[in-house]
Every structure is written in C-alpha cells, then in structure tokens.
file target37.pdb (PDB, C-alpha atoms and all ligand atoms)
ATOM      1  CA  MET A   1       8.860 -14.704  11.585
ATOM      2  CA  SER A   2      11.593 -15.840  13.948
ATOM      3  CA  ASN A   3      12.130 -12.401  15.556
ATOM      4  CA  PRO A   4       9.043 -11.628  17.660
ATOM      5  CA  VAL A   5       9.530  -7.863  17.074
ATOM      6  CA  SER A   6       9.317  -8.116  13.275
ATOM      7  CA  PRO A   7       5.474  -8.298  13.014
ATOM      8  CA  THR A   8       5.325  -4.867  14.707
ATOM      9  CA  ALA A   9       6.625  -3.485  11.377
ATOM     10  CA  PHE A  10       3.076  -4.069  10.077
ATOM     11  CA  TYR A  11       1.645  -1.869  12.783
ATOM     12  CA  CYS A  12       3.837   1.071  11.702
ATOM     13  CA  GLY A  13       3.286   0.319   8.008
ATOM     14  CA  GLY A  14      -0.479   0.138   8.598
ATOM     15  CA  VAL A  15      -0.495   3.518  10.316
ATOM     16  CA  ARG A  16       1.280   5.059   7.315
ATOM     17  CA  MET A  17      -1.071   3.277   4.899
ATOM     18  CA  ALA A  18      -4.103   4.745   6.720
ATOM     19  CA  ASP A  19      -2.453   8.185   6.853
ATOM     20  CA  ALA A  20      -1.821   8.139   3.095
ATOM     21  CA  GLU A  21      -5.566   7.707   2.532
ATOM     22  CA  ASN A  22      -6.346  10.984   4.355
ATOM     23  CA  PRO A  23      -7.035  14.123   2.291
ATOM     24  CA  VAL A  24      -4.233  15.920   4.184
ATOM     25  CA  PRO A  25      -1.794  13.222   5.279
ATOM     26  CA  VAL A  26       0.930  13.801   7.857
ATOM     27  CA  VAL A  27       3.491  11.711   5.954
ATOM     28  CA  GLY A  28       1.771  10.608   2.715
ATOM     29  CA  ASP A  29       3.683   7.355   2.274
ATOM     30  CA  ARG A  30       2.357   6.255  -1.137
ATOM     31  CA  HIS A  31       4.252   2.947  -0.907
ATOM     32  CA  ALA A  32       2.824   1.814   2.421
ATOM     33  CA  ALA A  33      -0.241   0.070   0.915
ATOM     34  CA  THR A  34       1.961  -1.873  -1.546
ATOM     35  CA  LEU A  35       4.194  -3.126   1.259
ATOM     36  CA  MET A  36       1.340  -4.054   3.606
ATOM     37  CA  GLY A  37      -0.530  -6.577   1.423
ATOM     38  CA  ASP A  38      -3.512  -8.528   2.809
ATOM     39  CA  ASP A  39      -1.522 -10.258   5.564
ATOM     40  CA  GLY A  40      -0.178  -6.934   6.828
ATOM     41  CA  ARG A  41      -3.683  -5.443   6.779
ATOM     42  CA  ARG A  42      -4.957  -8.331   8.910
ATOM     43  CA  ILE A  43      -2.273  -7.575  11.528
ATOM     44  CA  PHE A  44      -3.024  -3.845  11.438
ATOM     45  CA  ALA A  45      -6.791  -4.397  11.884
ATOM     46  CA  ALA A  46      -6.252  -5.013  15.619
ATOM     47  CA  PHE A  47      -4.568  -1.596  15.947
ATOM     48  CA  GLU A  48      -6.988   0.577  13.993
ATOM     49  CA  ARG A  49      -8.873   1.626  17.132
ATOM     50  CA  PHE A  50      -5.845   3.339  18.724
ATOM     51  CA  ALA A  51      -6.471   6.803  17.273
ATOM     52  CA  SER A  52      -4.035   8.740  19.506
ATOM     53  CA  GLN A  53      -1.234   6.186  19.389
ATOM     54  CA  ASN A  54      -1.581   5.881  15.608
ATOM     55  CA  GLY A  55      -1.525   9.673  15.231
ATOM     56  CA  SER A  56       1.644   9.778  17.343
ATOM     57  CA  ASN A  57       3.256   6.951  15.399
ATOM     58  CA  VAL A  58       2.795   8.630  12.012
ATOM     59  CA  THR A  59       3.945  11.955  13.490
ATOM     60  CA  ARG A  60       7.121  10.235  14.716
ATOM     61  CA  HIS A  61       7.769   9.218  11.123
ATOM     62  CA  ARG A  62       7.160  12.803   9.919
ATOM     63  CA  ILE A  63       9.526  14.259  12.549
ATOM     64  CA  LEU A  64      12.237  11.880  11.339
ATOM     65  CA  ASP A  65      11.446  12.669   7.670
ATOM     66  CA  ASP A  66      11.959  16.362   8.454
ATOM     67  CA  MET A  67      15.171  15.754  10.395
ATOM     68  CA  LEU A  68      16.542  13.711   7.491
ATOM     69  CA  ARG A  69      15.474  16.321   4.892
ATOM     70  CA  ASP A  70      17.365  18.865   6.951
ATOM     71  CA  ARG A  71      20.442  16.652   7.079
ATOM     72  CA  PHE A  72      20.395  16.214   3.277
ATOM     73  CA  LYS A  73      20.620  19.995   2.734
ATOM     74  CA  GLY A  74      24.061  20.616   1.216
ATOM     75  CA  GLN A  75      24.742  16.836   1.494
ATOM     76  CA  PRO A  76      22.174  15.266  -0.869
ATOM     77  CA  LEU A  77      23.977  11.932  -1.056
ATOM     78  CA  ARG A  78      24.615  11.533   2.664
ATOM     79  CA  LEU A  79      24.745   7.897   3.772
ATOM     80  CA  THR A  80      21.722   6.911   5.844
ATOM     81  CA  VAL A  81      21.341   3.549   7.583
ATOM     82  CA  LEU A  82      17.870   2.381   8.599
ATOM     83  CA  LEU A  83      18.455  -0.087  11.410
ATOM     84  CA  GLY A  84      15.286  -2.103  11.916
ATOM     85  CA  ALA A  85      13.873  -0.550   8.723
ATOM     86  CA  GLY A  86      10.569  -2.441   8.767
ATOM     87  CA  LEU A  87       8.363  -1.192   5.912
ATOM     88  CA  ASP A  88      10.095   2.210   5.778
ATOM     89  CA  SER A  89      10.011   3.550   2.192
ATOM     90  CA  ARG A  90      12.059   6.727   2.709
ATOM     91  CA  PRO A  91      14.663   5.860   0.038
ATOM     92  CA  PHE A  92      11.761   5.987  -2.466
ATOM     93  CA  ARG A  93      10.164   9.116  -1.027
ATOM     94  CA  LEU A  94      12.781  11.621   0.094
ATOM     95  CA  GLY A  95      14.625  12.111  -3.207
ATOM     96  CA  SER A  96      18.049  12.252  -1.536
ATOM     97  CA  GLY A  97      20.574  10.002   0.148
ATOM     98  CA  ARG A  98      22.462   6.754  -0.239
ATOM     99  CA  TRP A  99      20.572   4.219   1.818
ATOM    100  CA  VAL A 100      21.228   0.974   3.637
ATOM    101  CA  GLU A 101      18.315  -0.909   5.196
ATOM    102  CA  LEU A 102      18.744  -3.757   7.671
ATOM    103  CA  ASP A 103      16.062  -6.008   9.032
ATOM    104  CA  GLU A 104      15.184  -9.651   9.488
ATOM    105  CA  ALA A 105      15.114 -11.748   6.281
ATOM    106  CA  PRO A 106      11.298 -12.060   5.969
ATOM    107  CA  ILE A 107      10.945  -8.244   6.009
ATOM    108  CA  ILE A 108      13.780  -7.703   3.525
ATOM    109  CA  GLU A 109      12.512 -10.458   1.215
ATOM    110  CA  ARG A 110       9.025  -9.006   1.290
ATOM    111  CA  LYS A 111      10.278  -5.534   0.399
ATOM    112  CA  GLU A 112      12.374  -6.928  -2.444
ATOM    113  CA  ARG A 113       9.287  -8.721  -3.800
ATOM    114  CA  LEU A 114       6.864  -5.816  -3.495
ATOM    115  CA  LEU A 115       9.125  -2.776  -3.934
ATOM    116  CA  PRO A 116      12.521  -3.913  -5.283
ATOM    117  CA  ALA A 117      15.614  -1.898  -4.422
ATOM    118  CA  SER A 118      16.474  -1.890  -8.150
ATOM    119  CA  THR A 119      13.444   0.382  -8.760
ATOM    120  CA  CYS A 120      14.498   2.925  -6.141
ATOM    121  CA  PRO A 121      15.440   6.351  -7.523
ATOM    122  CA  MET A 122      18.259   6.564  -4.968
ATOM    123  CA  SER A 123      21.059   4.115  -4.212
ATOM    124  CA  LEU A 124      19.601   1.495  -1.852
ATOM    125  CA  THR A 125      21.173  -1.642  -0.388
ATOM    126  CA  ARG A 126      18.999  -3.982   1.639
ATOM    127  CA  ILE A 127      20.635  -6.384   4.062
ATOM    128  CA  ALA A 128      18.958  -9.298   5.814
ATOM    129  CA  ILE A 129      20.231  -9.779   9.359
ATOM    130  CA  ASP A 130      19.262 -12.088  12.166
ATOM    131  CA  PHE A 131      19.665  -9.590  14.999
ATOM    132  CA  SER A 132      20.044 -12.346  17.604
ATOM    133  CA  ALA A 133      22.720 -14.337  15.739
ATOM    134  CA  ASP A 134      24.504 -12.298  13.051
ATOM    135  CA  SER A 135      27.270  -9.761  13.548
ATOM    136  CA  LEU A 136      25.980  -6.227  12.965
ATOM    137  CA  GLU A 137      29.594  -5.121  12.616
ATOM    138  CA  ALA A 138      30.274  -7.599   9.789
ATOM    139  CA  LYS A 139      27.067  -6.618   7.978
ATOM    140  CA  LEU A 140      27.822  -2.875   8.173
ATOM    141  CA  ALA A 141      31.625  -3.005   7.732
ATOM    142  CA  PRO A 142      31.493  -2.505   3.913
ATOM    143  CA  PHE A 143      29.843   0.885   4.510
ATOM    144  CA  ALA A 144      32.248   2.136   7.211
ATOM    145  CA  THR A 145      33.150   5.788   6.790
ATOM    146  CA  THR A 146      34.519   8.738   8.735
ATOM    147  CA  GLN A 147      32.134  11.061   6.826
ATOM    148  CA  ARG A 148      29.106  12.505   8.581
ATOM    149  CA  MET A 149      26.169  10.140   8.165
ATOM    150  CA  SER A 150      22.844   9.246   9.774
ATOM    151  CA  ILE A 151      21.579   6.139  11.526
ATOM    152  CA  VAL A 152      17.830   5.834  12.080
ATOM    153  CA  MET A 153      16.462   3.518  14.763
ATOM    154  CA  GLU A 154      12.746   4.209  14.684
ATOM    155  CA  GLY A 155      10.343   2.235  16.851
ATOM    156  CA  VAL A 156      13.165  -0.110  17.774
ATOM    157  CA  LEU A 157      14.857   0.839  21.046
ATOM    158  CA  MET A 158      11.914   0.009  23.309
ATOM    159  CA  TYR A 159      12.171  -3.633  22.180
ATOM    160  CA  LEU A 160      15.853  -3.962  23.071
ATOM    161  CA  ASP A 161      17.689  -4.107  26.412
ATOM    162  CA  GLU A 162      20.443  -1.872  27.695
ATOM    163  CA  PRO A 163      23.361  -4.254  26.976
ATOM    164  CA  THR A 164      22.119  -4.700  23.381
ATOM    165  CA  ILE A 165      21.795  -0.927  22.922
ATOM    166  CA  ARG A 166      25.308  -0.401  24.357
ATOM    167  CA  ARG A 167      26.717  -3.051  22.042
ATOM    168  CA  THR A 168      24.883  -1.668  19.003
ATOM    169  CA  CYS A 169      26.079   1.907  19.678
ATOM    170  CA  GLY A 170      29.640   0.586  20.174
ATOM    171  CA  VAL A 171      29.548  -0.966  16.696
ATOM    172  CA  LEU A 172      28.073   2.205  15.191
ATOM    173  CA  MET A 173      30.751   4.393  16.823
ATOM    174  CA  LYS A 174      33.523   2.123  15.575
ATOM    175  CA  LEU A 175      32.310   1.998  11.959
ATOM    176  CA  PHE A 176      30.814   5.485  11.742
ATOM    177  CA  PRO A 177      32.752   7.769  14.122
ATOM    178  CA  ASN A 178      30.857  10.844  12.809
ATOM    179  CA  HIS A 179      27.329   9.520  12.834
ATOM    180  CA  THR A 180      24.177  11.087  14.166
ATOM    181  CA  LEU A 181      21.750   8.636  15.725
ATOM    182  CA  LEU A 182      18.112   9.584  15.107
ATOM    183  CA  CYS A 183      15.819   7.591  17.373
ATOM    184  CA  ASP A 184      12.737   7.665  19.570
ATOM    185  CA  VAL A 185      12.914   6.861  23.275
ATOM    186  CA  MET A 186       9.938   6.329  25.589
ATOM    187  CA  SER A 187      10.290   7.078  29.300
ATOM    188  CA  GLU A 188       9.148   4.675  31.971
ATOM    189  CA  LYS A 189       6.547   7.179  33.231
ATOM    190  CA  PHE A 190       5.101   7.748  29.753
ATOM    191  CA  PHE A 191       4.886   4.003  29.190
ATOM    192  CA  ARG A 192       3.109   3.505  32.525
ATOM    193  CA  GLN A 193       0.582   6.297  31.888
ATOM    194  CA  TYR A 194      -0.024   6.094  28.135
ATOM    195  CA  GLY A 195       1.482   2.900  26.750
ATOM    196  CA  GLN A 196      -0.382   0.084  28.468
ATOM    197  CA  GLU A 197      -3.379  -0.412  26.196
ATOM    198  CA  ILE A 198      -1.474  -0.606  22.910
ATOM    199  CA  HIS A 199       1.264  -2.635  24.565
ATOM    200  CA  ALA A 200      -1.299  -5.345  25.360
ATOM    201  CA  GLU A 201      -2.020  -5.581  21.616
ATOM    202  CA  ILE A 202       1.722  -5.611  20.798
ATOM    203  CA  GLU A 203       2.116  -8.472  23.263
ATOM    204  CA  ARG A 204      -0.551 -10.378  21.328
ATOM    205  CA  LEU A 205       1.832 -10.155  18.342
ATOM    206  CA  GLY A 206       4.488 -11.781  20.511
ATOM    207  CA  ALA A 207       6.668  -8.696  21.179
ATOM    208  CA  ARG A 208       7.066  -6.587  24.328
ATOM    209  CA  PHE A 209       8.669  -3.344  25.438
ATOM    210  CA  THR A 210      11.839  -4.093  27.363
ATOM    211  CA  TRP A 211      13.559  -0.681  27.541
ATOM    212  CA  THR A 212      11.636   2.340  28.829
ATOM    213  CA  PRO A 213      14.259   4.174  30.924
ATOM    214  CA  LYS A 214      13.679   6.810  33.614
ATOM    215  CA  ASP A 215      15.874   9.348  31.791
ATOM    216  CA  PRO A 216      15.742   8.743  28.014
ATOM    217  CA  ALA A 217      18.943  10.650  27.137
ATOM    218  CA  ALA A 218      21.167   9.414  29.986
ATOM    219  CA  LEU A 219      22.376   6.178  28.400
ATOM    220  CA  PHE A 220      23.381   7.941  25.188
ATOM    221  CA  THR A 221      25.310  10.730  26.902
ATOM    222  CA  SER A 222      27.095   8.090  29.008
ATOM    223  CA  LEU A 223      28.097   6.372  25.741
ATOM    224  CA  GLY A 224      29.721   9.556  24.390
ATOM    225  CA  TYR A 225      26.866  11.142  22.459
ATOM    226  CA  ARG A 226      25.748  14.771  22.716
ATOM    227  CA  GLU A 227      22.038  15.396  22.419
ATOM    228  CA  ALA A 228      21.674  17.750  19.429
ATOM    229  CA  ALA A 229      17.872  17.800  19.162
ATOM    230  CA  ARG A 230      14.780  16.549  20.944
ATOM    231  CA  VAL A 231      11.256  16.845  19.517
ATOM    232  CA  SER A 232       8.109  15.960  21.435
ATOM    233  CA  ILE A 233       6.043  13.446  19.504
ATOM    234  CA  ALA A 234       2.744  14.236  21.274
ATOM    235  CA  LEU A 235       3.126  18.019  20.994
ATOM    236  CA  THR A 236       3.992  17.785  17.289
ATOM    237  CA  ALA A 237       1.097  15.343  16.759
ATOM    238  CA  SER A 238      -1.281  17.840  18.366
ATOM    239  CA  GLU A 239       0.062  20.598  16.090
ATOM    240  CA  TYR A 240      -0.663  18.392  13.056
ATOM    241  CA  ARG A 241      -4.057  17.569  14.603
ATOM    242  CA  ALA A 242      -3.065  13.924  14.316
ATOM    243  CA  ILE A 243      -4.290  13.348  17.887
ATOM    244  CA  PRO A 244      -7.369  14.794  19.598
ATOM    245  CA  ALA A 245      -5.418  16.757  22.283
ATOM    246  CA  ARG A 246      -5.119  20.529  21.807
ATOM    247  CA  ALA A 247      -1.597  21.877  21.287
ATOM    248  CA  TRP A 248      -2.001  24.620  23.934
ATOM    249  CA  THR A 249      -2.989  22.145  26.657
ATOM    250  CA  MET A 250       0.027  20.106  25.670
ATOM    251  CA  ARG A 251       2.375  23.101  25.911
ATOM    252  CA  TRP A 252       1.156  24.171  29.365
ATOM    253  CA  PHE A 253      -0.005  20.973  31.031
ATOM    254  CA  ARG A 254       0.428  17.264  30.378
ATOM    255  CA  ARG A 255       4.174  17.257  30.908
ATOM    256  CA  THR A 256       4.617  13.474  30.848
ATOM    257  CA  LEU A 257       2.684  13.223  27.581
ATOM    258  CA  ARG A 258       4.735  16.085  26.116
ATOM    259  CA  GLU A 259       8.182  15.123  27.347
ATOM    260  CA  GLY A 260       7.974  11.393  27.938
ATOM    261  CA  TYR A 261       8.171  10.264  24.342
ATOM    262  CA  CYS A 262      10.438  12.202  21.976
ATOM    263  CA  VAL A 263      12.503  11.847  18.841
ATOM    264  CA  HIS A 264      16.153  12.557  19.621
ATOM    265  CA  ALA A 265      19.218  13.351  17.534
ATOM    266  CA  PHE A 266      22.388  12.150  19.277
ATOM    267  CA  LYS A 267      25.713  13.190  17.764
ATOM    268  CA  VAL A 268      28.994  11.507  18.552
ATOM    269  CA  ASP A 269      30.820  14.052  20.709
TER     270      ASP A 269
HETATM  271  C1  LIG X 301       8.125  -1.371  15.314
HETATM  272  S1  LIG X 301       9.065  -1.947  13.965
HETATM  273  C2  LIG X 301       9.628  -0.413  13.290
HETATM  274  C3  LIG X 301       9.948  -0.510  11.848
HETATM  275  C4  LIG X 301      10.346   0.795  11.171
HETATM  276  N1  LIG X 301      11.551   1.355  11.738
HETATM  277  C5  LIG X 301       9.222   1.780  11.230
HETATM  278  O1  LIG X 301       9.267   2.728  12.017
HETATM  279  O2  LIG X 301       8.273   1.592  10.472
HETATM  280  C6  LIG X 301      10.532  -2.600  14.752
HETATM  281  C7  LIG X 301      11.523  -3.218  13.765
HETATM  282  O3  LIG X 301      12.749  -3.503  14.451
HETATM  283  C8  LIG X 301      13.296  -4.685  13.940
HETATM  284  N2  LIG X 301      14.255  -5.231  14.953
HETATM  285  C9  LIG X 301      14.115  -6.304  15.745
HETATM  286  N3  LIG X 301      15.221  -6.509  16.507
HETATM  287  C10 LIG X 301      16.079  -5.509  16.200
HETATM  288  C11 LIG X 301      17.395  -5.157  16.638
HETATM  289  N4  LIG X 301      18.047  -5.882  17.550
HETATM  290  N5  LIG X 301      17.969  -4.042  16.121
HETATM  291  C12 LIG X 301      17.329  -3.318  15.194
HETATM  292  N6  LIG X 301      16.068  -3.600  14.737
HETATM  293  C13 LIG X 301      15.467  -4.688  15.223
HETATM  294  C14 LIG X 301      12.080  -5.556  13.672
HETATM  295  O4  LIG X 301      12.329  -6.610  12.780
HETATM  296  C15 LIG X 301      11.068  -4.523  13.150
HETATM  297  O5  LIG X 301      11.078  -4.390  11.747
END

call {"tool": "encode", "arguments": {"input": "target37.pdb", "output": "structure tokens"}}
result
Amino acid sequence: MSNPVSPTAFYCGGVRMADAENPVPVVGDRHAATLMGDDGRRIFAAFERFASQNGSNVTRHRILDDMLRDRFKGQPLRLTVLLGAGLDSRPFRLGSGRWVELDEAPIIERKERLLPASTCPMSLTRIAIDFSADSLEAKLAPFATTQRMSIVMEGVLMYLDEPTIRRTCGVLMKLFPNHTLLCDVMSEKFFRQYGQEIHAEIERLGARFTWTPKDPAALFTSLGYREAARVSIALTASEYRAIPARAWTMRWFRRTLREGYCVHAFKVD
C-alpha cells in the first residue's frame, strides 16, 4: 500500500472482528471478519496483546455509532462522509443514512471485492483517493450541500499534520457549510503516558503519530468550529468493561487517561 497509514485500517478492523466474537460485544460489527481476510488477520496478530488499547479502540467506534444514530433521528437519510473509512461497515450496520466513503485505492478495492457497495441496504458511494496527490475538493464536490450533514474522521487525525488538517477542514467548510465533524483527538500528554507501547507496533507497520496537540479542541475552534460534544473514550470503555480500569477510579482520578483522548463533535459555527 502506497500510503503508510492504510495498513492501520487492519488494526481497527481486527479489533472489531475480535469484539464481534464476544458474547456481549461493544459494537458487534458482523462484517469485520469478512473485510479482514487472512492478510488482515496476520497484521492484527501483532496487536492482539494490547487489551486496554483494543478495548478503547472498539469503544471509540461505539461512541461514534451512537453519535451517528442520534444524528439520524428525524433525518434518516442524512449524508454522512467517512473520511479515511478503512474497514468501517457502518453503512451496512446502522440502517440509516446516505454514505460516502473515501480511502486509498487498495482499501476501497478490497471493500468492493469483499462487501460490494451494491449489496448495501443504504445508498453508498465509495471513492478511491490518493490523499497525498488527489484533490479532496474535486472528489467531494459532487456531494456538496448546504444541508446539515456529518463527516467522520475516526483514527485519522493523529496521522496528519496541522497544515493538512487546516486544509482538509477548509475544503469541508467550503463544500459542506453546515457539517458536523465527528473525530477523535489524542493529547500530547495522553500519548506520552499511554500511547508509546502500541505506537511502537504502529511504527512497525510503517505509520506514525504526527499530531497529538496540547489542547485537542483549540485548532478546531480557531478554524471556526464550536465544540458541541466531547466524550471520554477511556471512561466510556471502563463503563462498558472493555478495559480493566474501574469506572469510578476513572471519574475521580486518572485525569489524563479520562480527558486526554476523546471523541469530539465540532459544528461549524
Ligand atoms: C487507523 S485507520 C482508521 C480507519 C477507520 N476510520 C476506522 O476507524 O476503522 C486510518 C485510515 O486513514 C486513512 N488515511 C490516510 N491518510 C489520510 C488522510 N490524509 N485523510 C484521511 N484519511 C487518511 C488510511 O488509509 C486508513 O484507512
């Protein structure tokens, strides 16, 4: 794969595949195993030992599922763009929405082979993009709308840099002036304290975290977003018992763990 970040999609897909095998899954992504295949499973094998990180990762997906379900209430066909979709199967699972997925060609081609868009119960368009060479604006222009809509960037921002994030948000604001950006942001302190071990494994895949800011919301408010929601990934994971930490210790202590890695909803102000 030409984009070094793309293989990390198999880490997230693997986490959801393992979750779906649990008697009481957090997400229950029944398509994850199909999309992983043997090659994906080989990549995920190196990550299976990270119980807490994997529990947090699948909880992140559940938090975003719930935010999207909420946003479909009264608007069941709301446009939703998955930017850096990886092996996300939400268009097949959530029963609502008109969906656009963008990712690098090998990911899109794989999804078309294993879970074709034509079999999706909802409207789904998949678009291959070379993030380093193609114009995001040109790829998304056919879907431009002033209606309220959602953009999901899950597990993506930490691999970008600030100029790229600024540019990406500029394009999104131009094409979708009423969008809500749903994304996860990891703080520098969280990354230093809790991210090192798994990051070493991510580096072995060829990718690395390049954006872990001091104040996760600051860049977005400076770009003209208002923070509409923020959900702690670790606290929610402890409530689902997806990680070993107790929820009460998380609420009263462990501030960096609780606050340093959250899912945010940013609305254009
Ligand atoms: C860790 S995976 C997350 C995949 C998926 N969102 C999920 O949570 O399962 C990161 C994804 O971001 C994609 N990506 C790489 N560069 C990107 C960019 N500049 N903008 C958006 N996504 C990008 C990769 O190809 C990869 O599929």

call {"tool": "residues_around", "arguments": {"input": "target37.pdb", "residues": "Pro4 of chain A", "least_positions_apart": "2", "cutoff": "9 Å", "atoms": "all atoms listed in the file", "output": "count of residues only"}}
result
9

call {"tool": "atom_distance", "arguments": {"input": "target37.pdb", "atom1": "atom CA of Ala234 of chain A", "atom2": "atom CA of Phe253 of chain A"}}
result
12.2 Å

call {"tool": "resolve_selection", "arguments": {"input": "target37.pdb", "expression": "the PyMOL selection byres (((not hetatm)) within 8 of (chain X and resi 301))", "output": "ChimeraX atom specification"}}
result
/A:3-13,61,82-88,102-104,107,131-132,152-157,159-160,164,168

call {"tool": "write_last_selection", "arguments": {"input": "target37.pdb", "atoms": "C-alpha atoms", "output": "mmCIF file, in the frame of the given file"}}
result
data_model
loop_
_atom_site.group_PDB
_atom_site.id
_atom_site.type_symbol
_atom_site.label_atom_id
_atom_site.label_comp_id
_atom_site.auth_asym_id
_atom_site.auth_seq_id
_atom_site.Cartn_x
_atom_site.Cartn_y
_atom_site.Cartn_z
ATOM 1 C CA ASN A 3 12.130 -12.401 15.556
ATOM 2 C CA PRO A 4 9.043 -11.628 17.660
ATOM 3 C CA VAL A 5 9.530 -7.863 17.074
ATOM 4 C CA SER A 6 9.317 -8.116 13.275
ATOM 5 C CA PRO A 7 5.474 -8.298 13.014
ATOM 6 C CA THR A 8 5.325 -4.867 14.707
ATOM 7 C CA ALA A 9 6.625 -3.485 11.377
ATOM 8 C CA PHE A 10 3.076 -4.069 10.077
ATOM 9 C CA TYR A 11 1.645 -1.869 12.783
ATOM 10 C CA CYS A 12 3.837 1.071 11.702
ATOM 11 C CA GLY A 13 3.286 0.319 8.008
ATOM 12 C CA HIS A 61 7.769 9.218 11.123
ATOM 13 C CA LEU A 82 17.870 2.381 8.599
ATOM 14 C CA LEU A 83 18.455 -0.087 11.410
ATOM 15 C CA GLY A 84 15.286 -2.103 11.916
ATOM 16 C CA ALA A 85 13.873 -0.550 8.723
ATOM 17 C CA GLY A 86 10.569 -2.441 8.767
ATOM 18 C CA LEU A 87 8.363 -1.192 5.912
ATOM 19 C CA ASP A 88 10.095 2.210 5.778
ATOM 20 C CA LEU A 102 18.744 -3.757 7.671
ATOM 21 C CA ASP A 103 16.062 -6.008 9.032
ATOM 22 C CA GLU A 104 15.184 -9.651 9.488
ATOM 23 C CA ILE A 107 10.945 -8.244 6.009
ATOM 24 C CA PHE A 131 19.665 -9.590 14.999
ATOM 25 C CA SER A 132 20.044 -12.346 17.604
ATOM 26 C CA VAL A 152 17.830 5.834 12.080
ATOM 27 C CA MET A 153 16.462 3.518 14.763
ATOM 28 C CA GLU A 154 12.746 4.209 14.684
ATOM 29 C CA GLY A 155 10.343 2.235 16.851
ATOM 30 C CA VAL A 156 13.165 -0.110 17.774
ATOM 31 C CA LEU A 157 14.857 0.839 21.046
ATOM 32 C CA TYR A 159 12.171 -3.633 22.180
ATOM 33 C CA LEU A 160 15.853 -3.962 23.071
ATOM 34 C CA THR A 164 22.119 -4.700 23.381
ATOM 35 C CA THR A 168 24.883 -1.668 19.003
#

call {"tool": "closest_residue", "arguments": {"input": "target37.pdb", "among": "A:Ser89, A:Pro142, A:Glu188, A:Leu68", "to": "Ala265 of chain A", "atoms": "all atoms listed in the file"}}
result
A:Leu68

call {"tool": "residues_around", "arguments": {"input": "target37.pdb", "residues": "Phe190 of chain A", "least_positions_apart": "3", "cutoff": "10 Å", "atoms": "all atoms listed in the file", "output": "number ranges by chain"}}
result
A: 186-187, 193-196, 212-214, 255-261

call {"tool": "atom_distance", "arguments": {"input": "target37.pdb", "atom1": "atom CA of Ser56 of chain A", "atom2": "atom CA of Glu162 of chain A"}}
result
24.4 Å

call {"tool": "closest_residue", "arguments": {"input": "target37.pdb", "among": "A:Asn22, A:Thr34, A:Ser150, A:Asn178", "to": "Arg113 of chain A", "atoms": "all atoms listed in the file"}}
result
A:Thr34

call {"tool": "closest_residue", "arguments": {"input": "target37.pdb", "among": "A:Pro76, A:Pro116, A:Pro23, A:Pro91", "to": "Leu35 of chain A", "atoms": "only C-alpha atoms"}}
result
A:Pro116

call {"tool": "resolve_selection", "arguments": {"input": "target37.pdb", "expression": "the PyMOL selection byres (((chain A and resi 92) around 8) and not hetatm)", "output": "ChimeraX atom specification"}}
result
/A:89-91,93-95,120-122

call {"tool": "atom_distance", "arguments": {"input": "target37.pdb", "atom1": "atom CA of Ala33 of chain A", "atom2": "atom CA of Lys73 of chain A"}}
result
28.9 Å

call {"tool": "closest_residue", "arguments": {"input": "target37.pdb", "among": "A:Thr210, A:Thr125, A:Ser52, A:Ser238", "to": "Glu101 of chain A", "atoms": "all atoms listed in the file"}}
result
A:Thr125

call {"tool": "closest_residue", "arguments": {"input": "target37.pdb", "among": "A:Glu201, A:Glu137, A:Asp269, A:Glu227", "to": "Cys183 of chain A", "atoms": "only C-alpha atoms"}}
result
A:Glu227

call {"tool": "resolve_selection", "arguments": {"input": "target37.pdb", "expression": "the PyMOL selection byres (((chain A and resi 230) around 10) and not hetatm)", "output": "PyMOL selection string"}}
result
chain A and resi 182-184+217+227-229+231-233+259+261-266

call {"tool": "closest_residue", "arguments": {"input": "target37.pdb", "among": "A:Phe50, A:Ile198, A:Arg192, A:Leu223", "to": "Pro244 of chain A", "atoms": "all atoms listed in the file"}}
result
A:Phe50

call {"tool": "axis_aligned_box", "arguments": {"input": "target37.pdb", "around": "segment 26-39 of chain A", "padding_each_side": "3 Å", "output": "lines of an AutoDock Vina configuration file"}}
result
center_x = 0.4
center_y = 1.8
center_z = 3.2
size_x = 13.8
size_y = 30.1
size_z = 15.4

call {"tool": "residues_around", "arguments": {"input": "target37.pdb", "residues": "Gly40 of chain A", "least_positions_apart": "3", "cutoff": "8 Å", "atoms": "all atoms listed in the file", "output": "ChimeraX atom specification"}}
result
/A:10,14,36-37,43-44

call {"tool": "residues_around", "arguments": {"input": "target37.pdb", "residues": "Val15 of chain A", "least_positions_apart": "3", "cutoff": "9 Å", "atoms": "all atoms listed in the file", "output": "ChimeraX atom specification"}}
result
/A:10-12,18-20,32,44,47-48,54-55,57-58
